[in-house]
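Here is the file run_29.cif (mmCIF, C-alpha atoms).
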```cif
data_upload
#
loop_
_atom_site.label_atom_id
_atom_site.label_comp_id
_atom_site.auth_asym_id
_atom_site.auth_seq_id
_atom_site.Cartn_x
_atom_site.Cartn_y
_atom_site.Cartn_z
CA MET A 560 124.09 116.21 137.33
CA SER A 561 125.07 112.52 137.01
CA MET A 562 122.45 111.60 139.65
CA TRP A 563 119.68 113.20 137.56
CA SER A 564 120.95 111.55 134.39
CA ASN A 565 120.86 108.08 135.94
CA LEU A 566 117.57 108.28 137.87
CA PRO A 567 115.17 105.40 137.11
CA PHE A 568 112.20 106.57 135.07
CA ASP A 569 109.66 105.87 137.81
CA LEU A 570 111.53 108.14 140.23
CA LEU A 571 111.94 110.84 137.57
CA ALA A 572 108.24 110.57 136.77
CA LYS A 573 107.43 111.06 140.45
CA ILE A 574 109.38 114.33 140.39
CA PHE A 575 107.68 115.41 137.16
CA SER A 576 104.25 114.82 138.72
CA PHE A 577 104.80 117.81 141.05
CA LEU A 578 105.42 120.26 138.18
CA SER A 579 102.91 122.68 136.78
CA PRO A 580 101.84 122.02 133.15
CA GLY A 581 104.16 124.76 131.87
CA SER A 582 107.15 123.52 133.86
CA LEU A 583 106.41 119.96 132.78
CA ALA A 584 106.42 121.02 129.13
CA ARG A 585 109.81 122.72 129.58
CA ALA A 586 111.18 119.65 131.38
CA ARG A 587 110.09 117.40 128.52
CA SER A 588 112.03 119.58 126.07
CA ALA A 589 115.23 119.58 128.17
CA CYS A 590 116.67 116.35 126.77
CA ARG A 591 115.71 113.15 124.99
CA ASN A 592 115.90 111.10 128.21
CA TRP A 593 113.35 113.31 130.00
CA GLU A 594 111.05 113.36 126.98
CA THR A 595 111.14 109.55 126.82
CA CYS A 596 110.31 109.35 130.53
CA ALA A 597 107.34 111.69 130.20
CA LYS A 598 105.96 109.63 127.29
CA ALA A 599 106.55 106.28 129.02
CA TYR A 600 104.81 107.30 132.26
CA PRO A 601 101.59 109.31 131.79
CA LEU A 602 101.80 112.15 134.29
CA THR A 603 99.13 113.97 136.23
CA PRO A 604 100.52 117.17 137.80
CA THR A 605 100.26 117.01 141.57
CA SER A 606 100.51 119.53 144.38
CA SER A 607 100.63 119.29 148.14
CA SER A 608 97.05 120.55 148.30
CA THR A 609 95.64 117.96 145.88
CA GLN A 610 97.65 114.95 146.94
CA SER A 611 95.66 113.89 149.99
CA LYS A 612 95.93 110.12 149.56
CA PRO A 613 99.14 108.83 151.16
CA LEU A 614 101.41 106.82 148.90
CA PRO A 615 102.56 103.37 150.02
CA PRO A 616 106.00 103.05 151.62
CA TRP A 617 109.02 101.70 149.77
CA PHE A 618 110.77 98.47 150.84
CA LEU A 619 114.57 98.54 151.15
CA ALA A 620 116.46 95.25 151.30
CA PHE A 621 119.98 95.21 152.76
CA PRO A 622 121.95 91.98 152.19
CA ILE A 623 123.00 90.57 155.57
CA ARG A 624 126.33 89.35 154.18
CA ASN A 625 126.96 92.26 151.89
CA ASN A 626 129.93 91.38 149.73
CA ARG A 627 128.68 93.91 147.20
CA PRO A 628 128.14 97.48 148.43
CA CYS A 629 124.50 97.87 147.44
CA CYS A 630 120.91 97.57 148.60
CA TYR A 631 117.72 96.79 146.72
CA VAL A 632 114.59 98.95 146.60
CA HIS A 633 111.01 98.08 145.67
CA ASN A 634 108.82 100.85 144.27
CA PRO A 635 105.25 99.81 145.23
CA VAL A 636 103.55 102.21 142.81
CA MET A 637 105.26 100.83 139.70
CA ASP A 638 106.00 97.39 141.21
CA ILE A 639 109.64 97.72 140.13
CA TRP A 640 112.89 96.75 141.88
CA HIS A 641 116.02 98.92 141.74
CA GLU A 642 119.60 98.38 142.82
CA LEU A 643 121.25 101.26 144.71
CA SER A 644 125.00 101.48 145.10
CA LEU A 645 126.40 102.09 148.59
CA GLU A 646 129.90 102.88 147.35
CA PHE A 647 129.56 106.41 148.78
CA LEU A 648 129.60 105.10 152.37
CA PRO A 649 132.92 105.35 154.27
CA VAL A 650 132.95 101.55 154.72
CA PRO A 651 130.37 100.39 152.15
CA CYS A 652 129.89 96.80 153.33
CA ALA A 653 129.96 97.55 157.07
CA VAL A 654 126.54 99.01 157.86
CA ARG A 655 123.28 97.63 159.19
CA PRO A 656 119.94 99.48 159.05
CA VAL A 657 118.45 100.23 162.46
CA SER A 658 115.35 102.32 161.79
CA PRO A 659 113.76 104.60 159.19
CA ILE A 660 113.54 108.30 160.01
CA GLY A 661 111.04 109.66 157.53
CA SER A 662 112.73 109.00 154.20
CA LEU A 663 116.17 108.68 155.79
CA LEU A 664 117.86 105.67 157.38
CA LEU A 665 119.52 105.32 160.75
CA LEU A 666 122.47 102.97 160.29
CA ARG A 667 124.75 101.12 162.67
CA LEU A 668 128.42 100.88 161.70
CA THR A 669 129.44 97.23 161.98
CA ASN A 670 133.19 97.52 161.45
CA ILE A 671 133.64 98.46 165.13
CA THR A 672 132.51 96.66 168.29
CA THR A 673 130.94 99.55 170.20
CA LEU A 674 127.79 101.25 168.95
CA GLU A 675 128.23 104.07 166.47
CA LEU A 676 125.29 105.41 164.47
CA ALA A 677 124.94 107.38 161.24
CA LEU A 678 122.28 108.92 159.00
CA CYS A 679 121.99 108.10 155.33
CA ASN A 680 119.90 108.96 152.30
CA PRO A 681 120.75 106.18 149.82
CA PHE A 682 119.00 108.01 146.97
CA THR A 683 120.98 111.24 147.21
CA LYS A 684 124.13 109.51 148.54
CA GLN A 685 124.27 111.67 151.67
CA PHE A 686 125.86 110.33 154.84
CA ARG A 687 126.65 111.72 158.27
CA SER A 688 127.91 110.06 161.44
CA LEU A 689 126.16 110.97 164.68
CA PRO A 690 128.30 112.10 167.62
CA ARG A 691 129.69 109.36 169.84
CA LEU A 692 127.75 108.29 172.89
CA ASN A 693 128.81 109.40 176.37
CA ILE A 694 129.31 105.75 177.33
CA SER A 695 130.85 103.24 174.92
CA ARG A 696 128.36 100.38 174.63
CA THR A 697 128.42 97.04 172.89
CA ASN A 698 125.13 95.68 171.52
CA PRO A 699 122.60 97.97 173.26
CA ALA A 700 118.95 98.27 172.24
CA VAL A 701 118.16 101.29 170.05
CA GLY A 702 114.80 103.06 169.81
CA VAL A 703 113.74 106.02 167.66
CA VAL A 704 111.08 108.70 168.14
CA VAL A 705 110.36 110.82 165.05
CA THR A 706 108.37 114.02 164.61
CA ILE A 707 108.00 115.31 161.06
CA LEU A 708 108.10 119.12 161.06
CA GLU A 709 106.72 121.26 158.26
CA SER A 710 109.04 123.83 156.72
CA LYS A 711 107.84 127.45 156.49
CA SER A 712 108.49 127.39 152.75
CA ASN A 713 105.83 126.41 150.22
CA HIS A 714 107.89 123.85 148.32
CA VAL A 715 106.21 120.51 147.80
CA GLY A 716 107.60 117.81 150.03
CA ASP A 717 109.60 120.34 152.03
CA LYS A 718 109.51 118.50 155.35
CA PHE A 719 112.25 117.46 157.71
CA PRO A 720 112.28 115.15 160.71
CA ARG A 721 113.15 116.03 164.26
CA PHE A 722 114.08 112.81 165.94
CA ARG A 723 115.39 111.39 169.16
CA VAL A 724 117.40 108.19 169.46
CA TYR A 725 117.30 106.22 172.71
CA VAL A 726 120.03 103.72 173.56
CA ALA A 727 119.39 101.30 176.43
CA GLY A 728 121.60 98.67 178.05
CA GLY A 729 124.59 97.14 176.34
CA MET A 730 127.96 96.10 177.70
CA SER A 731 130.45 98.70 178.90
CA GLU A 732 133.89 98.63 180.44
CA ALA A 733 133.92 98.44 184.26
CA GLU A 734 136.11 100.82 186.28
CA HIS A 735 138.46 98.06 187.41
CA GLY A 736 138.64 96.15 184.15
CA GLY A 737 136.30 93.63 182.56
CA ALA A 738 132.84 94.33 181.20
CA THR A 739 129.51 94.94 182.86
CA TYR A 740 125.90 95.45 181.80
CA GLU A 741 125.12 99.15 181.44
CA THR A 742 121.96 100.23 183.31
CA THR A 743 121.63 103.77 181.94
CA LEU A 744 119.83 105.26 178.95
CA GLU A 745 121.19 107.87 176.60
CA MET A 746 119.19 110.07 174.27
CA TYR A 747 120.27 111.89 171.12
CA ASP A 748 118.26 114.95 170.08
CA SER A 749 118.67 115.95 166.43
CA GLN A 750 118.03 119.63 167.19
CA LEU A 751 120.82 119.74 169.79
CA ASP A 752 123.08 117.21 168.03
CA THR A 753 124.24 115.83 171.38
CA TRP A 754 123.78 112.77 173.60
CA GLN A 755 122.74 112.97 177.23
CA ILE A 756 122.04 110.47 180.02
CA VAL A 757 118.25 110.53 180.58
CA GLY A 758 117.45 107.60 182.86
CA SER A 759 118.23 104.22 184.32
CA MET A 760 116.85 100.69 184.06
CA PRO A 761 116.75 97.49 186.14
CA VAL A 762 119.80 95.33 185.53
CA GLU A 763 117.65 92.37 184.48
CA PHE A 764 116.12 94.50 181.72
CA ALA A 765 119.59 95.62 180.65
CA VAL A 766 120.70 91.99 180.36
CA ARG A 767 117.72 90.92 178.30
CA LEU A 768 117.84 93.92 175.98
CA THR A 769 121.56 93.42 175.42
CA VAL A 770 121.45 89.67 174.77
CA TRP A 771 118.03 89.01 173.25
CA THR A 772 116.84 92.14 171.41
CA PRO A 773 117.35 92.42 167.63
CA ASN A 774 116.98 96.26 167.83
CA GLU A 775 113.66 96.58 165.97
CA ASN A 776 111.48 98.97 167.98
CA VAL A 777 108.03 100.53 167.90
CA TYR A 778 107.01 103.85 169.46
CA ILE A 779 103.38 104.15 170.58
CA ASN A 780 101.83 106.93 172.70
CA GLY A 781 104.95 107.88 174.64
CA THR A 782 106.33 104.35 175.07
CA LEU A 783 109.17 102.60 173.24
CA TYR A 784 108.75 98.84 172.82
CA TRP A 785 111.28 96.11 172.00
CA ILE A 786 110.68 92.39 171.66
CA THR A 787 113.13 89.82 173.01
CA SER A 788 114.14 87.11 170.57
CA ALA A 789 114.56 84.41 173.21
CA ARG A 790 111.96 81.64 173.40
CA ALA A 791 109.53 82.35 174.89
CA PHE A 792 109.16 85.84 173.44
CA SER A 793 108.32 88.84 175.61
CA VAL A 794 107.99 92.61 175.15
CA MET A 795 109.91 95.32 177.01
CA GLY A 796 108.36 98.78 177.27
CA PHE A 797 109.93 102.08 178.36
CA ASP A 798 107.64 105.02 179.20
CA ILE A 799 109.66 108.10 178.25
CA SER A 800 107.76 110.63 180.35
CA THR A 801 107.88 108.64 183.62
CA ASN A 802 111.21 106.86 183.05
CA THR A 803 109.62 103.51 183.95
CA TRP A 804 110.00 100.03 182.53
CA ARG A 805 107.52 97.18 182.22
CA GLU A 806 107.33 93.73 180.69
CA LEU A 807 104.45 92.32 178.66
CA GLY A 808 103.71 88.71 177.86
CA VAL A 809 103.15 87.56 174.28
CA PRO A 810 100.26 85.39 173.00
CA ILE A 811 101.18 81.70 172.61
CA ALA A 812 104.77 82.81 173.26
CA GLU A 813 106.12 79.28 173.74
CA ARG A 814 104.82 78.17 170.32
CA LEU A 815 105.78 81.13 168.14
CA GLU A 816 108.53 80.49 165.59
CA PHE A 817 108.95 84.18 164.81
CA ALA A 818 107.55 87.36 166.32
CA SER A 819 107.84 91.05 165.41
CA LEU A 820 106.31 94.27 166.72
CA VAL A 821 104.49 96.64 164.36
CA ARG A 822 101.99 99.51 164.45
CA TRP A 823 98.38 98.58 163.67
CA ASN A 824 95.75 101.34 163.50
CA GLY A 825 97.76 103.47 165.93
CA ALA A 826 98.21 100.68 168.48
CA LEU A 827 100.98 98.20 169.29
CA ALA A 828 100.60 94.90 167.43
CA LEU A 829 102.52 91.67 167.19
CA VAL A 830 102.98 89.51 164.08
CA GLY A 831 103.88 85.88 164.66
CA GLY A 832 103.58 82.40 163.21
CA THR A 833 103.45 78.84 164.52
CA CYS A 834 104.36 75.59 162.78
CA GLY A 835 101.61 74.28 160.52
CA GLU A 836 99.29 77.26 161.08
CA ASN A 837 98.67 80.71 159.62
CA ALA A 838 100.65 83.67 160.87
CA CYS A 839 98.52 86.09 162.89
CA ILE A 840 98.38 89.72 163.99
CA TRP A 841 97.47 90.48 167.59
CA GLU A 842 96.63 94.00 168.76
CA LEU A 843 97.32 95.24 172.30
CA ASN A 844 94.23 96.88 173.76
CA GLU A 845 93.97 99.58 176.44
CA VAL A 846 94.09 97.07 179.32
CA ASP A 847 97.24 95.33 178.03
CA LYS A 848 95.40 92.35 176.57
CA TRP A 849 96.32 90.89 173.19
CA CYS A 850 93.37 90.49 170.80
CA LEU A 851 93.48 88.63 167.49
CA ALA A 852 93.18 91.29 164.76
CA ASP A 853 93.81 89.39 161.51
CA LYS A 854 95.39 86.30 159.95
CA VAL A 855 97.72 85.93 156.99
CA PRO A 856 95.72 84.31 154.16
CA ALA A 857 96.64 80.63 153.97
CA GLU A 858 97.48 80.66 150.26
CA LEU A 859 99.91 83.58 150.70
CA GLY A 860 101.54 81.88 153.69
CA LEU A 861 102.12 78.68 151.72
CA ARG A 862 103.58 80.71 148.86
CA LEU A 863 106.01 82.53 151.15
CA LEU A 864 107.08 79.30 152.88
CA SER A 865 107.40 77.40 149.57
CA GLY A 866 104.84 74.88 150.79
CA LYS A 867 106.60 74.19 154.09
CA GLY A 868 104.87 74.68 157.41
CA ASN A 869 107.48 76.37 159.58
CA TRP A 870 107.89 80.14 159.96
CA ASP A 871 111.31 80.31 161.63
CA SER A 872 113.01 81.79 158.54
CA VAL A 873 110.45 84.62 158.16
CA LYS A 874 111.11 88.24 159.10
CA CYS A 875 108.66 91.11 159.38
CA VAL A 876 108.83 94.89 159.15
CA GLY A 877 106.03 97.43 159.32
CA ASN A 878 104.91 101.02 159.74
CA GLU A 879 101.60 102.89 159.94
CA ASP A 880 100.64 102.03 156.36
CA ALA A 881 102.01 98.57 155.59
CA ILE A 882 103.39 95.32 157.00
CA CYS A 883 105.80 93.12 155.01
CA LEU A 884 106.65 89.48 155.69
CA TYR A 885 109.70 88.23 153.79
CA ARG A 886 112.41 85.55 153.78
CA ASP A 887 115.12 86.58 151.34
CA LEU A 888 115.63 88.77 148.30
CA GLY A 889 114.22 86.45 145.65
CA SER A 890 111.37 84.61 147.37
CA GLY A 891 108.79 87.39 147.32
CA MET A 892 106.87 89.14 150.10
CA ILE A 893 103.47 89.11 151.72
CA VAL A 894 102.27 92.70 152.11
CA CYS A 895 99.37 93.90 154.22
CA LYS A 896 98.62 97.51 153.33
CA LYS A 897 96.24 100.04 154.78
CA VAL A 898 93.32 101.00 152.54
CA GLY A 899 91.58 104.32 153.19
CA ASP A 900 91.23 105.91 156.60
CA LYS A 901 88.76 103.51 158.23
CA GLY A 902 91.26 100.97 159.53
CA ARG A 903 90.77 98.53 156.64
CA TRP A 904 93.75 96.47 155.49
CA GLU A 905 94.24 94.22 152.46
CA TRP A 906 96.70 91.39 151.75
CA LEU A 907 98.67 91.01 148.53
CA TRP A 908 101.72 89.29 147.08
CA VAL A 909 104.85 91.09 145.80
CA ASP A 910 107.32 89.18 143.65
CA GLY A 911 110.91 89.07 144.87
CA CYS A 912 113.89 90.77 143.26
CA VAL A 913 115.06 88.25 140.66
CA HIS A 914 115.94 90.48 137.73
CA ILE A 915 116.73 94.19 137.41
CA LYS A 916 116.83 95.58 133.86
CA GLY A 917 117.25 92.05 132.52
CA LYS A 918 120.17 91.24 134.82
CA GLN A 919 119.73 88.32 137.21
CA MET A 920 120.23 89.22 140.87
CA PRO A 921 121.91 86.81 143.31
CA ASN A 922 119.49 85.58 145.97
CA CYS A 923 120.61 86.38 149.52
CA GLN A 924 119.41 86.82 153.08
CA ILE A 925 118.27 90.38 153.71
CA ARG A 926 117.25 92.80 156.41
CA GLY A 927 114.22 94.80 155.32
CA MET A 928 113.19 98.37 156.06
CA LEU A 929 110.13 100.45 155.09
CA ILE A 930 110.62 104.15 154.31
CA GLN A 931 108.35 106.92 153.12
CA GLN A 932 108.63 108.30 149.61
CA PRO A 933 112.29 108.90 148.66
CA ILE A 934 113.53 112.46 149.07
CA LEU A 935 115.74 113.42 146.14
CA ALA A 936 116.66 116.92 147.32
CA SER A 937 119.65 117.65 149.55
CA SER A 938 118.74 117.73 153.23
CA LEU A 939 119.88 120.26 155.81
CA ILE A 940 120.29 117.38 158.27
CA PHE A 941 123.50 116.49 156.48
#
```
As structure tokens - that is how I would like this structure written.
Amino acid sequence: MSMWSNLPFDLLAKIFSFLSPGSLARARSACRNWETCAKAYPLTPTSSSTQSKPLPPWFLAFPIRNNRPCCYVHNPVMDIWHELSLEFLPVPCAVRPVSPIGSLLLLRLTNITTLELALCNPFTKQFRSLPRLNISRTNPAVGVVVTILESKSNHVGDKFPRFRVYVAGGMSEAEHGGATYETTLEMYDSQLDTWQIVGSMPVEFAVRLTVWTPNENVYINGTLYWITSARAFSVMGFDISTNTWRELGVPIAERLEFASLVRWNGALALVGGTCGENACIWELNEVDKWCLADKVPAELGLRLLSGKGNWDSVKCVGNEDAICLYRDLGSGMIVCKKVGDKGRWEWLWVDGCVHIKGKQMPNCQIRGMLIQQPILASSLIF
């Protein structure tokens, strides 16, 4: 009950929007807080059949040096920032986001050296550790494949993800002591709740994924992609069905100050910036050639960089519907969001998290993540 009492009004209004007129009237009469919410946010009842337009994703900001157990959330519909406590986690300040899974988060536990993963819903305060891998690995690359399955019930928003997690490379203990690069892949299937060895990889790929990959990944048409962070940048691809690896070059790789992989109209794309120039988006075509797809508007780039010309402090995160370029919690973000279903995108500015409910927030370095609309009901996954 305390969760419902303390929900921000914009989240509560989102829940109210799915009620029928009669149910909405009863909800408004339940308590003064709910009545105030309904008056503050004009509500149009919504159903799964009428809500055809997808809502924009939410941006979650995790402080990199998290002395306070919390994360920050931007609601793009209301353009409001919230602070979410992470006190419910077993070790609140020792997690790092790896990937979104629908409206959930895949987290890496950072209080231990070897890789251990967990699932989390920061809105409902649910947490569950995944089983341990078959091989203890330090710093492997992690990739996620998600399929959203519809429930047989008729409840609005009643969906749940089936997902697979792929772990490639990393360092493992050798039989006779010491450490060695691990050249196997493991896969976790959420329906089976187990890990299994599913393939192998060239040792040179294992080395590069272990040393130079920041773990962000993109899944496109049966292939998982990672980008190496070493200059010059390059892309590693793993075809799941054929168990084969390949390497792709990156446009102007030797000049890029930052580079990130994203989805762009269903294809693999790369976002990168060079000193003194606009950041760009390149799309990979069917013959593995990078084509310039768009440029960050110059005025937004200058605003993000505070008038400076270098992009080395910029990070990027994206999904099917939006791409966000950011530096830290308070500096603001450049957002490129999908408009309609004809592959049109538009650029806009989002102010950073400086104040929440009149309280000033400390600026800090963050790791961003985009998730779908928050799920506020308990999930069977946990």
List the spatial neighbours of Val821 (chain A) as JSON, numbers by chain - criterion: any atom at most 9 Å away, all atoms listed in the file, same-chain residues fewer than 6 positions off excluded.
{"A": [776, 777, 827, 828, 829, 830, 875, 876, 877, 878, 879, 882]}
Starting from the displayed file, determine the output of the PyMOL selection byres ((chain A and resi 649-660) around 8) and express the residue list as a PyMOL selection string.
chain A and resi 621+623+625-629+645-648+661-670+701+703+705+720+722+774-775+926+928-930
Residues in the PyMOL selection byres ((chain A and resi 869) around 9), expressed as a ChimeraX atom specification
/A:816,832-836,864,867-868,870-873
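Applied to this file, the PyMOL selection byres ((chain A and resi 794) around 9) selects Tyr784, Trp785, Ile786, Thr787, Phe792, Ser793, Met795, Gly796, Arg805, Glu806, Leu807, Gly808, Val809 and Leu820 of chain A.
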Around (114.2, 86.1, 147.5), as given in the file, which residues come within 8 Å? Count only C-alpha atoms and list them as a VMD selection string.
chain A and resid 886 to 891 911 to 913 922 to 924
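With all atoms listed in the file as the basis for measurement, A:Phe682 is the residue among A:Phe682, A:Phe941, A:Phe577, A:Trp908 that approaches Ser644 (chain A) most closely.
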Counting all atoms listed in the file, find the residues whose atoms lie at most 12 Å from (120.2, 123.6, 166.1) (file coordinates) and write them out as a tab-separated table (two decimals) with C-alpha atoms, in the coordinates of the input.
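Contents of the output file part23.tsv:
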```tsv
chain	number	residue	atom	x	y	z
A	721	ARG	CA	113.15	116.03	164.26
A	748	ASP	CA	118.26	114.95	170.08
A	749	SER	CA	118.67	115.95	166.43
A	750	GLN	CA	118.03	119.63	167.19
A	751	LEU	CA	120.82	119.74	169.79
A	752	ASP	CA	123.08	117.21	168.03
A	753	THR	CA	124.24	115.83	171.38
A	939	LEU	CA	119.88	120.26	155.81
A	940	ILE	CA	120.29	117.38	158.27
```
With all atoms listed in the file as the basis for distance, which of A:Ala597, A:Ile639, A:Met920, A:Ala852 is at the shortest distance from Cys839 (chain A)?
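The answer is A:Ala852, which sits nearest to Cys839 (chain A).
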CA of Ala881 (chain A) and CA of Ala838 (chain A), how far apart in Å?
15.9 Å
Which residue is closest to Arg790 (chain A)? Choose from A:Leu689, A:Leu768, A:Ala857, A:Ala818 and count all atoms listed in the file.
A:Ala818
Closest of A:Ala765, A:Leu571, A:Ala727, A:Leu566 to Met746 (chain A) - atom-to-atom distances counting all atoms listed in the file:
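Between A:Ala765, A:Leu571, A:Ala727, A:Leu566, the residue approaching Met746 (chain A) most closely is A:Ala727.
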Quote the spacing between CA of Ile779 (chain A) and CA of Asn824 (chain A) in Å to one decimal place.
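Rounded to one decimal, the two atoms are 10.8 Å apart.
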Figure out the distance between CA of Tyr631 (chain A) and CA of Cys596 (chain A), please, to one decimal in Å.
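Between CA of Cys596 (chain A) and CA of Tyr631 (chain A) the gap is 21.8 Å.
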